[in-house]
Amino acid sequence: MMTQMEDQQNSLQRLLDYYHRTVVLFGGGLLAFGWSRIISLTSSANFQRSLILLAALSCSVLIIQRWLPSTSLRRLHNSLLPGVWIGIYLFYLGLSVWNHSYLKHIVLTGYSGDIFRNAFRTLQAPLYGVAAPISRNGFATMTAIVVIYAAFISRALSKEMHRPVVLCTLFMALHLFGIIGVGLATDAGRLFDFSAIYSGIAESSNLDRFHSLTEIWAQWNERLYELQGRASHYPPGVMFLAMVERRFDLAGLLGFSSIVLTILCVPLTSILCSVLDLNTRTTVLALALQVSSAALLVFPRVDFTPITAFMTLIGMITIALGVRQKAGYAIIGGLTFGLYGLFSFTVAIAGLMLALFLIFAVALRAITLRKAFGLGGYVVIGAMAVWYGLYELTGFNIAECLAQSISNNAASMTTEPFDRISRYVLRSTGNFMAYVAYLGPVTALLGGIGVCTARYKNSLFLAFAMSVLGALLLASFSTLFFLETERIWVFFTPLIAIVAAFGLVEVIGLGRVSGSAAIFPMAVILASCVQALSMTHDTPPAQYVSFDAWQKARELLHP
């Protein structure tokens, strides 16, 4: 009789375990969906926010009660699930608080520069885009993506798939499936219509100003003031590829290049894990977190910026190889960064990350100061070789382009970064939160755990983890960015995925990683699908939120 009762208790215990894991799996995505659907400032919308907050607090209490009973404190791996779940709630709550403070600031001050411009006056800010209706087809496609992803991750964590070539090939196929699936779910008609990629840079009004491939480089700086949209503060790489498309009738060159180079980040991430001496299961989880990120599922289809992730990974691999083996590898990274600078000036942030990597490696005695200077020198030589060679061939001066781009961007944003501490804080925290939303709050939280646990391992990986986190924080508070960082900072995503996977394996333990760790990439892919289906990312809002209530309050405060 006692044995039967114990069996019933064990069955109930297993049922509760599955229940709480299901809550963790689906809760973050549902919360993201609920938050994104609130599109007004009415009392009804405030009631919806209150319900979301109530649900968050209630579920958090239940999970804490289940996983952390007052009689004993469970091991850290038992508290990781509710900890991440609570972290997701706090993050989305932080987004709501940020948005409220941001909209209130606009009403009270009337300021309309940089991030406070009309395109961001929605209840989705700091994210860029508008709430979009979810369709049955979209929901069905999302479900298919999640189911196939679940089956694949479970298989990938088994022993049979630990061959690097097979593993990378299958993850690349999964990533392509995810990109196409998200595209079909959101708008089947525009899946391979890459017109959004050229919007603001290589659109016809800009492209028609140049008549040849060499003229783009030779006259770019002179015509930078005339260009419309984003082109006025970008280098000419994207325009050059668009002109190649036009001249040689290669429709979709830039769009398909963006997708292909994004998928090729999978083997590069695997190589970087190997160079950093991470085990195979950590590599599997890093790839799983990377390919499930909304940043690398949505933007390869609607923007060219994911190609910066490909170039950043090459730079980091060559630097790490230079530390481990011969310093000469770093010159390959320098040449890659030279090409990177022709497409986006975020190369400065990626370069800062490499510099921090070397600084931390020296401080932690992973390499000597002399070798660090040698590696840095090779990177600079490689980049300068590309830029000087292009200058000699075409007359394009990248230093002048950078100076003009910064000036044009500042003028269009009408910004004074330190005019008010409140604006500086809103800009900086908004940058960080916008990126984390598309990286995935789960991955971000695990990345923080990875940095904390890295100190117990080799000093080179600790230098790597600290450099990624340090560059992200410096970029957030640098005043160089004005939101839209969910696409601009895509190059951080594979690197943070590696740090997050490391933290996940260290906390859960190698013995349990197969059974438990798959939950976390599943939570990321679900939240990513919800994020993709509930927002349109490549179209600015046609209508903005009403400020009637706050406007009346302002009139009362300032008659």
# chains A, B, ... in the order shown; residues from 1 in each chain; ligands from 1
>>> select_by_dssp(residues="region 209-425 of chain A", states="alpha helix (DSSP H)", output="ChimeraX atom specification")
/A:213-223,237-248,253-263,265-275,280-291,294-302,307-324,330-340,347-363,369-394,398-413,421-425
>>> closest_atom_pairs(of="region 296-334 of chain A", to="region 486-508 of chain A", cutoff="10 Å", atoms="only C-alpha atoms", output="CSV")
residue,atom,partner,partner_atom,distance
A:Leu296,CA,A:Val490,CA,7.2
A:Val298,CA,A:Arg487,CA,9.1
A:Phe299,CA,A:Arg487,CA,6.5
A:Pro300,CA,A:Arg487,CA,9.3
A:Val302,CA,A:Arg487,CA,9.7
A:Asp303,CA,A:Arg487,CA,7.7
A:Phe304,CA,A:Arg487,CA,9.0
A:Thr305,CA,A:Ile488,CA,6.3
A:Pro306,CA,A:Val490,CA,5.7
A:Ile307,CA,A:Phe491,CA,7.9
A:Thr308,CA,A:Phe491,CA,5.4
A:Ala309,CA,A:Phe491,CA,3.7
A:Phe310,CA,A:Phe491,CA,7.4
A:Met311,CA,A:Phe491,CA,8.2
A:Thr312,CA,A:Phe491,CA,6.3
A:Leu313,CA,A:Leu495,CA,7.8
A:Met316,CA,A:Leu495,CA,9.1
>>> closest_residue(among="A:Leu460, A:Cys265, A:Ala125, A:Val97", to="Ala363 (chain A)", atoms="only C-alpha atoms")
A:Leu460
>>> residues_around(residues="Ser528 (chain A)", least_positions_apart="6", cutoff="7 Å", atoms="only C-alpha atoms", output="list in words")
Ser292, Ser293 and Ala294 of chain A
>>> closest_atom_pairs(of="region 152-249 of chain A", to="region 393-415 of chain A", cutoff="8 Å", atoms="only C-alpha atoms", output="Markdown table")
| residue | atom | partner | partner_atom | distance |
| --- | --- | --- | --- | --- |
| A:Thr214 | CA | A:Thr394 | CA | 6.6 |
| A:Trp217 | CA | A:Phe396 | CA | 5.3 |
| A:Ala218 | CA | A:Thr394 | CA | 5.2 |
| A:Gln219 | CA | A:Phe396 | CA | 7.6 |
| A:Trp220 | CA | A:Phe396 | CA | 7.4 |
| A:Asn221 | CA | A:Cys401 | CA | 5.7 |
| A:Leu224 | CA | A:Gln404 | CA | 7.6 |
| A:Tyr225 | CA | A:Asn408 | CA | 7.3 |
| A:Ser232 | CA | A:Ser405 | CA | 6.3 |
| A:His233 | CA | A:Ser405 | CA | 3.9 |
| A:Tyr234 | CA | A:Ser405 | CA | 6.4 |
| A:Pro235 | CA | A:Cys401 | CA | 6.7 |
>>> atom_distance(atom1="CA of Thr336 (chain A)", atom2="CA of Gly382 (chain A)")
7.9 Å
>>> atom_distance(atom1="CA of His105 (chain A)", atom2="CA of Met433 (chain A)")
17.9 Å
>>> residues_around(residues="Ala437 (chain A)", least_positions_apart="3", cutoff="10 Å", atoms="only C-alpha atoms", output="list of chain:residue names")
A:Ala32, A:Ile88, A:Phe91, A:Tyr92, A:Leu95, A:Pro126, A:Leu127, A:Ser293, A:Ala294, A:Ala295, A:Phe432, A:Met433, A:Ala434, A:Gly440, A:Pro441, A:Val442, A:Thr443, A:Ala444, A:Thr485, A:Glu486, A:Ala527, A:Ser528, A:Gln531
>>> atom_distance(atom1="CA of Val284 (chain A)", atom2="CA of Leu462 (chain A)")
19.7 Å
>>> residues_around(residues="Ser274 (chain A)", least_positions_apart="4", cutoff="12 Å", atoms="only C-alpha atoms", output="MDAnalysis selection string")
chainID A and resid 164 267:270 278:284 286 317 320:321 324 461 498
>>> write_last_selection(atoms="C-alpha atoms", output="PDB file, in the first residue's frame")
ATOM      1  CA  PRO A 164      31.544  18.654 -36.452  1.00  0.00           C
ATOM      2  CA  PRO A 267      30.482  26.674 -39.044  1.00  0.00           C
ATOM      3  CA  LEU A 268      32.411  29.796 -38.023  1.00  0.00           C
ATOM      4  CA  THR A 269      30.825  29.676 -34.562  1.00  0.00           C
ATOM      5  CA  SER A 270      31.729  26.006 -34.313  1.00  0.00           C
ATOM      6  CA  LEU A 278      34.967  24.359 -25.533  1.00  0.00           C
ATOM      7  CA  ASN A 279      33.508  20.863 -25.520  1.00  0.00           C
ATOM      8  CA  THR A 280      31.120  19.527 -28.139  1.00  0.00           C
ATOM      9  CA  ARG A 281      27.962  19.858 -26.063  1.00  0.00           C
ATOM     10  CA  THR A 282      28.728  23.494 -25.365  1.00  0.00           C
ATOM     11  CA  THR A 283      29.181  23.968 -29.106  1.00  0.00           C
ATOM     12  CA  VAL A 284      25.821  22.307 -29.811  1.00  0.00           C
ATOM     13  CA  ALA A 286      25.864  27.671 -28.723  1.00  0.00           C
ATOM     14  CA  ILE A 317      38.651  33.426 -34.790  1.00  0.00           C
ATOM     15  CA  ALA A 320      42.084  33.674 -30.945  1.00  0.00           C
ATOM     16  CA  LEU A 321      44.215  31.574 -33.314  1.00  0.00           C
ATOM     17  CA  ARG A 324      46.952  30.138 -29.389  1.00  0.00           C
ATOM     18  CA  PHE A 461      37.758  32.237 -22.465  1.00  0.00           C
ATOM     19  CA  ILE A 498      28.784  30.995 -27.068  1.00  0.00           C
TER      20      ILE A 498
END
>>> residues_around(residues="Pro236 (chain A)", least_positions_apart="4", cutoff="8 Å", atoms="only C-alpha atoms", output="MDAnalysis selection string")
chainID A and resid 216:217 220 231 240 342:343
>>> write_last_selection(atoms="C-alpha atoms", output="PDB file, in the first residue's frame")
ATOM      1  CA  ILE A 216      30.358  54.996 -56.541  1.00  0.00           C
ATOM      2  CA  TRP A 217      33.739  54.871 -54.780  1.00  0.00           C
ATOM      3  CA  TRP A 220      30.725  58.853 -52.700  1.00  0.00           C
ATOM      4  CA  ALA A 231      22.789  56.182 -47.213  1.00  0.00           C
ATOM      5  CA  PHE A 240      28.199  48.977 -54.791  1.00  0.00           C
ATOM      6  CA  LEU A 342      33.162  49.290 -46.382  1.00  0.00           C
ATOM      7  CA  PHE A 343      29.667  48.080 -45.406  1.00  0.00           C
TER       8      PHE A 343
END
>>> residues_around(residues="Ala156 (chain A)", least_positions_apart="6", cutoff="12 Å", atoms="only C-alpha atoms", output="PDB file with all heavy atoms, in the first residue's frame")
ATOM      1  N   TYR A 149      12.209  22.051 -34.755  1.00  0.00           N
ATOM      2  CA  TYR A 149      13.363  22.493 -33.977  1.00  0.00           C
ATOM      3  C   TYR A 149      13.530  21.621 -32.736  1.00  0.00           C
ATOM      4  O   TYR A 149      14.645  21.216 -32.386  1.00  0.00           O
ATOM      5  CB  TYR A 149      13.172  23.948 -33.572  1.00  0.00           C
ATOM      6  CG  TYR A 149      14.391  24.605 -32.979  1.00  0.00           C
ATOM      7  CD1 TYR A 149      15.319  25.232 -33.793  1.00  0.00           C
ATOM      8  CD2 TYR A 149      14.612  24.600 -31.613  1.00  0.00           C
ATOM      9  CE1 TYR A 149      16.443  25.838 -33.255  1.00  0.00           C
ATOM     10  CE2 TYR A 149      15.720  25.201 -31.062  1.00  0.00           C
ATOM     11  CZ  TYR A 149      16.625  25.816 -31.880  1.00  0.00           C
ATOM     12  OH  TYR A 149      17.731  26.416 -31.339  1.00  0.00           O
ATOM     13  N   ALA A 150      12.429  21.309 -32.042  1.00  0.00           N
ATOM     14  CA  ALA A 150      12.490  20.484 -30.837  1.00  0.00           C
ATOM     15  C   ALA A 150      13.070  19.108 -31.145  1.00  0.00           C
ATOM     16  O   ALA A 150      13.938  18.601 -30.424  1.00  0.00           O
ATOM     17  CB  ALA A 150      11.100  20.355 -30.223  1.00  0.00           C
ATOM     18  N   HIS A 162      27.935  14.084 -32.862  1.00  0.00           N
ATOM     19  CA  HIS A 162      29.049  14.888 -32.386  1.00  0.00           C
ATOM     20  C   HIS A 162      30.172  15.024 -33.408  1.00  0.00           C
ATOM     21  O   HIS A 162      31.277  15.421 -33.068  1.00  0.00           O
ATOM     22  CB  HIS A 162      29.600  14.297 -31.072  1.00  0.00           C
ATOM     23  CG  HIS A 162      28.710  14.635 -29.906  1.00  0.00           C
ATOM     24  ND1 HIS A 162      29.024  14.307 -28.623  1.00  0.00           N
ATOM     25  CD2 HIS A 162      27.519  15.275 -29.857  1.00  0.00           C
ATOM     26  CE1 HIS A 162      28.067  14.733 -27.809  1.00  0.00           C
ATOM     27  NE2 HIS A 162      27.147  15.309 -28.549  1.00  0.00           N
ATOM     28  N   ARG A 163      29.894  14.692 -34.654  1.00  0.00           N
ATOM     29  CA  ARG A 163      30.867  14.952 -35.717  1.00  0.00           C
ATOM     30  C   ARG A 163      30.676  16.378 -36.207  1.00  0.00           C
ATOM     31  O   ARG A 163      29.571  16.736 -36.648  1.00  0.00           O
ATOM     32  CB  ARG A 163      30.678  13.954 -36.858  1.00  0.00           C
ATOM     33  CG  ARG A 163      31.115  12.542 -36.500  1.00  0.00           C
ATOM     34  CD  ARG A 163      30.835  11.579 -37.630  1.00  0.00           C
ATOM     35  NE  ARG A 163      29.397  11.415 -37.847  1.00  0.00           N
ATOM     36  CZ  ARG A 163      28.876  10.707 -38.850  1.00  0.00           C
ATOM     37  NH1 ARG A 163      29.665  10.125 -39.741  1.00  0.00           N
ATOM     38  NH2 ARG A 163      27.571  10.599 -38.981  1.00  0.00           N
ATOM     39  N   PRO A 164      31.704  17.220 -36.155  1.00  0.00           N
ATOM     40  CA  PRO A 164      31.544  18.654 -36.452  1.00  0.00           C
ATOM     41  C   PRO A 164      30.943  18.947 -37.820  1.00  0.00           C
ATOM     42  O   PRO A 164      30.086  19.821 -37.938  1.00  0.00           O
ATOM     43  CB  PRO A 164      32.986  19.185 -36.339  1.00  0.00           C
ATOM     44  CG  PRO A 164      33.678  18.229 -35.424  1.00  0.00           C
ATOM     45  CD  PRO A 164      33.076  16.895 -35.708  1.00  0.00           C
ATOM     46  N   VAL A 166      28.977  17.075 -39.803  1.00  0.00           N
ATOM     47  CA  VAL A 166      27.554  16.709 -39.838  1.00  0.00           C
ATOM     48  C   VAL A 166      26.740  17.683 -39.001  1.00  0.00           C
ATOM     49  O   VAL A 166      25.668  18.151 -39.412  1.00  0.00           O
ATOM     50  CB  VAL A 166      27.372  15.267 -39.322  1.00  0.00           C
ATOM     51  CG1 VAL A 166      25.879  14.924 -39.235  1.00  0.00           C
ATOM     52  CG2 VAL A 166      28.086  14.286 -40.228  1.00  0.00           C
ATOM     53  N   LEU A 167      27.259  18.001 -37.826  1.00  0.00           N
ATOM     54  CA  LEU A 167      26.559  18.903 -36.918  1.00  0.00           C
ATOM     55  C   LEU A 167      26.333  20.268 -37.550  1.00  0.00           C
ATOM     56  O   LEU A 167      25.221  20.810 -37.541  1.00  0.00           O
ATOM     57  CB  LEU A 167      27.376  19.053 -35.629  1.00  0.00           C
ATOM     58  CG  LEU A 167      26.716  19.800 -34.481  1.00  0.00           C
ATOM     59  CD1 LEU A 167      25.535  19.016 -33.949  1.00  0.00           C
ATOM     60  CD2 LEU A 167      27.725  20.044 -33.368  1.00  0.00           C
ATOM     61  N   CYS A 168      27.393  20.841 -38.127  1.00  0.00           N
ATOM     62  CA  CYS A 168      27.277  22.160 -38.753  1.00  0.00           C
ATOM     63  C   CYS A 168      26.337  22.130 -39.949  1.00  0.00           C
ATOM     64  O   CYS A 168      25.542  23.051 -40.148  1.00  0.00           O
ATOM     65  CB  CYS A 168      28.653  22.666 -39.174  1.00  0.00           C
ATOM     66  SG  CYS A 168      29.697  23.168 -37.794  1.00  0.00           S
ATOM     67  N   THR A 169      26.416  21.074 -40.752  1.00  0.00           N
ATOM     68  CA  THR A 169      25.551  20.969 -41.926  1.00  0.00           C
ATOM     69  C   THR A 169      24.083  20.958 -41.528  1.00  0.00           C
ATOM     70  O   THR A 169      23.249  21.662 -42.116  1.00  0.00           O
ATOM     71  CB  THR A 169      25.885  19.698 -42.722  1.00  0.00           C
ATOM     72  OG1 THR A 169      27.259  19.740 -43.124  1.00  0.00           O
ATOM     73  CG2 THR A 169      25.001  19.590 -43.958  1.00  0.00           C
ATOM     74  N   LEU A 170      23.756  20.184 -40.505  1.00  0.00           N
ATOM     75  CA  LEU A 170      22.370  20.095 -40.071  1.00  0.00           C
ATOM     76  C   LEU A 170      21.901  21.396 -39.429  1.00  0.00           C
ATOM     77  O   LEU A 170      20.751  21.815 -39.632  1.00  0.00           O
ATOM     78  CB  LEU A 170      22.209  18.922 -39.103  1.00  0.00           C
ATOM     79  CG  LEU A 170      22.369  17.541 -39.747  1.00  0.00           C
ATOM     80  CD1 LEU A 170      22.351  16.448 -38.687  1.00  0.00           C
ATOM     81  CD2 LEU A 170      21.258  17.281 -40.763  1.00  0.00           C
ATOM     82  N   PHE A 171      22.760  22.053 -38.671  1.00  0.00           N
ATOM     83  CA  PHE A 171      22.371  23.329 -38.080  1.00  0.00           C
ATOM     84  C   PHE A 171      22.206  24.403 -39.155  1.00  0.00           C
ATOM     85  O   PHE A 171      21.345  25.275 -39.039  1.00  0.00           O
ATOM     86  CB  PHE A 171      23.395  23.789 -37.038  1.00  0.00           C
ATOM     87  CG  PHE A 171      23.020  23.419 -35.639  1.00  0.00           C
ATOM     88  CD1 PHE A 171      23.703  22.439 -34.953  1.00  0.00           C
ATOM     89  CD2 PHE A 171      21.968  24.042 -34.999  1.00  0.00           C
ATOM     90  CE1 PHE A 171      23.357  22.078 -33.663  1.00  0.00           C
ATOM     91  CE2 PHE A 171      21.607  23.706 -33.707  1.00  0.00           C
ATOM     92  CZ  PHE A 171      22.304  22.710 -33.030  1.00  0.00           C
ATOM     93  N   LEU A 174      18.874  23.748 -40.606  1.00  0.00           N
ATOM     94  CA  LEU A 174      17.845  24.192 -39.673  1.00  0.00           C
ATOM     95  C   LEU A 174      17.702  25.707 -39.690  1.00  0.00           C
ATOM     96  O   LEU A 174      16.590  26.248 -39.654  1.00  0.00           O
ATOM     97  CB  LEU A 174      18.192  23.725 -38.260  1.00  0.00           C
ATOM     98  CG  LEU A 174      17.229  24.144 -37.153  1.00  0.00           C
ATOM     99  CD1 LEU A 174      15.895  23.432 -37.319  1.00  0.00           C
ATOM    100  CD2 LEU A 174      17.812  23.860 -35.787  1.00  0.00           C
ATOM    101  N   THR A 280      32.076  19.652 -27.054  1.00  0.00           N
ATOM    102  CA  THR A 280      31.120  19.527 -28.139  1.00  0.00           C
ATOM    103  C   THR A 280      29.709  19.912 -27.719  1.00  0.00           C
ATOM    104  O   THR A 280      28.965  20.534 -28.471  1.00  0.00           O
ATOM    105  CB  THR A 280      31.113  18.083 -28.675  1.00  0.00           C
ATOM    106  OG1 THR A 280      32.443  17.720 -29.026  1.00  0.00           O
ATOM    107  CG2 THR A 280      30.224  17.954 -29.895  1.00  0.00           C
ATOM    108  N   ARG A 281      29.321  19.541 -26.490  1.00  0.00           N
ATOM    109  CA  ARG A 281      27.962  19.858 -26.063  1.00  0.00           C
ATOM    110  C   ARG A 281      27.779  21.366 -25.885  1.00  0.00           C
ATOM    111  O   ARG A 281      26.699  21.895 -26.162  1.00  0.00           O
ATOM    112  CB  ARG A 281      27.640  19.110 -24.777  1.00  0.00           C
ATOM    113  CG  ARG A 281      27.488  17.620 -25.015  1.00  0.00           C
ATOM    114  CD  ARG A 281      26.974  16.887 -23.815  1.00  0.00           C
ATOM    115  NE  ARG A 281      26.714  15.493 -24.157  1.00  0.00           N
ATOM    116  CZ  ARG A 281      26.227  14.602 -23.323  1.00  0.00           C
ATOM    117  NH1 ARG A 281      25.926  14.963 -22.091  1.00  0.00           N
ATOM    118  NH2 ARG A 281      26.023  13.361 -23.699  1.00  0.00           N
ATOM    119  N   THR A 282      28.807  22.033 -25.441  1.00  0.00           N
ATOM    120  CA  THR A 282      28.728  23.494 -25.365  1.00  0.00           C
ATOM    121  C   THR A 282      28.575  24.080 -26.759  1.00  0.00           C
ATOM    122  O   THR A 282      27.807  25.024 -26.975  1.00  0.00           O
ATOM    123  CB  THR A 282      29.981  24.075 -24.686  1.00  0.00           C
ATOM    124  OG1 THR A 282      30.126  23.503 -23.390  1.00  0.00           O
ATOM    125  CG2 THR A 282      29.885  25.582 -24.546  1.00  0.00           C
ATOM    126  N   THR A 283      29.292  23.514 -27.721  1.00  0.00           N
ATOM    127  CA  THR A 283      29.181  23.968 -29.106  1.00  0.00           C
ATOM    128  C   THR A 283      27.774  23.756 -29.648  1.00  0.00           C
ATOM    129  O   THR A 283      27.204  24.629 -30.308  1.00  0.00           O
ATOM    130  CB  THR A 283      30.192  23.220 -29.998  1.00  0.00           C
ATOM    131  OG1 THR A 283      31.514  23.419 -29.491  1.00  0.00           O
ATOM    132  CG2 THR A 283      30.123  23.706 -31.435  1.00  0.00           C
ATOM    133  N   VAL A 284      27.188  22.588 -29.362  1.00  0.00           N
ATOM    134  CA  VAL A 284      25.821  22.307 -29.811  1.00  0.00           C
ATOM    135  C   VAL A 284      24.850  23.342 -29.262  1.00  0.00           C
ATOM    136  O   VAL A 284      24.015  23.898 -29.988  1.00  0.00           O
ATOM    137  CB  VAL A 284      25.394  20.885 -29.382  1.00  0.00           C
ATOM    138  CG1 VAL A 284      23.894  20.678 -29.628  1.00  0.00           C
ATOM    139  CG2 VAL A 284      26.183  19.839 -30.142  1.00  0.00           C
ATOM    140  N   LEU A 285      24.965  23.623 -27.969  1.00  0.00           N
ATOM    141  CA  LEU A 285      24.061  24.592 -27.361  1.00  0.00           C
ATOM    142  C   LEU A 285      24.306  25.998 -27.895  1.00  0.00           C
ATOM    143  O   LEU A 285      23.362  26.782 -28.064  1.00  0.00           O
ATOM    144  CB  LEU A 285      24.222  24.563 -25.840  1.00  0.00           C
ATOM    145  CG  LEU A 285      23.656  23.315 -25.164  1.00  0.00           C
ATOM    146  CD1 LEU A 285      24.074  23.261 -23.699  1.00  0.00           C
ATOM    147  CD2 LEU A 285      22.144  23.289 -25.274  1.00  0.00           C
ATOM    148  N   ALA A 286      25.562  26.351 -28.154  1.00  0.00           N
ATOM    149  CA  ALA A 286      25.864  27.671 -28.723  1.00  0.00           C
ATOM    150  C   ALA A 286      25.208  27.828 -30.087  1.00  0.00           C
ATOM    151  O   ALA A 286      24.599  28.867 -30.390  1.00  0.00           O
ATOM    152  CB  ALA A 286      27.379  27.858 -28.835  1.00  0.00           C
ATOM    153  N   LEU A 287      25.306  26.797 -30.914  1.00  0.00           N
ATOM    154  CA  LEU A 287      24.677  26.850 -32.230  1.00  0.00           C
ATOM    155  C   LEU A 287      23.156  26.892 -32.109  1.00  0.00           C
ATOM    156  O   LEU A 287      22.473  27.611 -32.849  1.00  0.00           O
ATOM    157  CB  LEU A 287      25.104  25.641 -33.065  1.00  0.00           C
ATOM    158  CG  LEU A 287      26.594  25.548 -33.408  1.00  0.00           C
ATOM    159  CD1 LEU A 287      26.883  24.266 -34.186  1.00  0.00           C
ATOM    160  CD2 LEU A 287      27.047  26.758 -34.203  1.00  0.00           C
ATOM    161  N   ALA A 288      22.610  26.140 -31.152  1.00  0.00           N
ATOM    162  CA  ALA A 288      21.159  26.120 -30.969  1.00  0.00           C
ATOM    163  C   ALA A 288      20.645  27.489 -30.551  1.00  0.00           C
ATOM    164  O   ALA A 288      19.636  27.971 -31.068  1.00  0.00           O
ATOM    165  CB  ALA A 288      20.783  25.068 -29.919  1.00  0.00           C
ATOM    166  N   VAL A 513      23.163  17.718 -19.097  1.00  0.00           N
ATOM    167  CA  VAL A 513      22.945  18.694 -20.157  1.00  0.00           C
ATOM    168  C   VAL A 513      22.014  18.184 -21.251  1.00  0.00           C
ATOM    169  O   VAL A 513      21.209  18.922 -21.789  1.00  0.00           O
ATOM    170  CB  VAL A 513      24.290  19.156 -20.756  1.00  0.00           C
ATOM    171  CG1 VAL A 513      24.932  18.058 -21.574  1.00  0.00           C
ATOM    172  CG2 VAL A 513      24.088  20.391 -21.597  1.00  0.00           C
ATOM    173  N   SER A 514      22.076  16.884 -21.576  1.00  0.00           N
ATOM    174  CA  SER A 514      21.238  16.373 -22.657  1.00  0.00           C
ATOM    175  C   SER A 514      19.757  16.491 -22.319  1.00  0.00           C
ATOM    176  O   SER A 514      18.950  16.835 -23.162  1.00  0.00           O
ATOM    177  CB  SER A 514      21.601  14.911 -22.944  1.00  0.00           C
ATOM    178  OG  SER A 514      22.903  14.822 -23.456  1.00  0.00           O
ATOM    179  N   GLY A 515      19.406  16.184 -21.083  1.00  0.00           N
ATOM    180  CA  GLY A 515      18.012  16.180 -20.708  1.00  0.00           C
ATOM    181  C   GLY A 515      17.433  17.542 -20.422  1.00  0.00           C
ATOM    182  O   GLY A 515      16.265  17.796 -20.690  1.00  0.00           O
ATOM    183  N   ALA A 517      19.119  20.931 -20.900  1.00  0.00           N
ATOM    184  CA  ALA A 517      19.546  22.145 -21.588  1.00  0.00           C
ATOM    185  C   ALA A 517      18.715  22.465 -22.819  1.00  0.00           C
ATOM    186  O   ALA A 517      18.637  23.618 -23.230  1.00  0.00           O
ATOM    187  CB  ALA A 517      21.019  22.037 -21.978  1.00  0.00           C
ATOM    188  N   ALA A 518      18.071  21.456 -23.426  1.00  0.00           N
ATOM    189  CA  ALA A 518      17.287  21.702 -24.638  1.00  0.00           C
ATOM    190  C   ALA A 518      16.099  22.613 -24.381  1.00  0.00           C
ATOM    191  O   ALA A 518      15.568  23.218 -25.301  1.00  0.00           O
ATOM    192  CB  ALA A 518      16.810  20.379 -25.234  1.00  0.00           C
TER     193      ALA A 518
END
>>> closest_residue(among="A:Pro521, A:Gly450, A:Gly341, A:Gly255", to="Phe194 (chain A)", atoms="only C-alpha atoms")
A:Gly255
>>> closest_residue(among="A:Leu176, A:Leu445, A:Ala383, A:Met535", to="Ile86 (chain A)", atoms="only C-alpha atoms")
A:Leu445
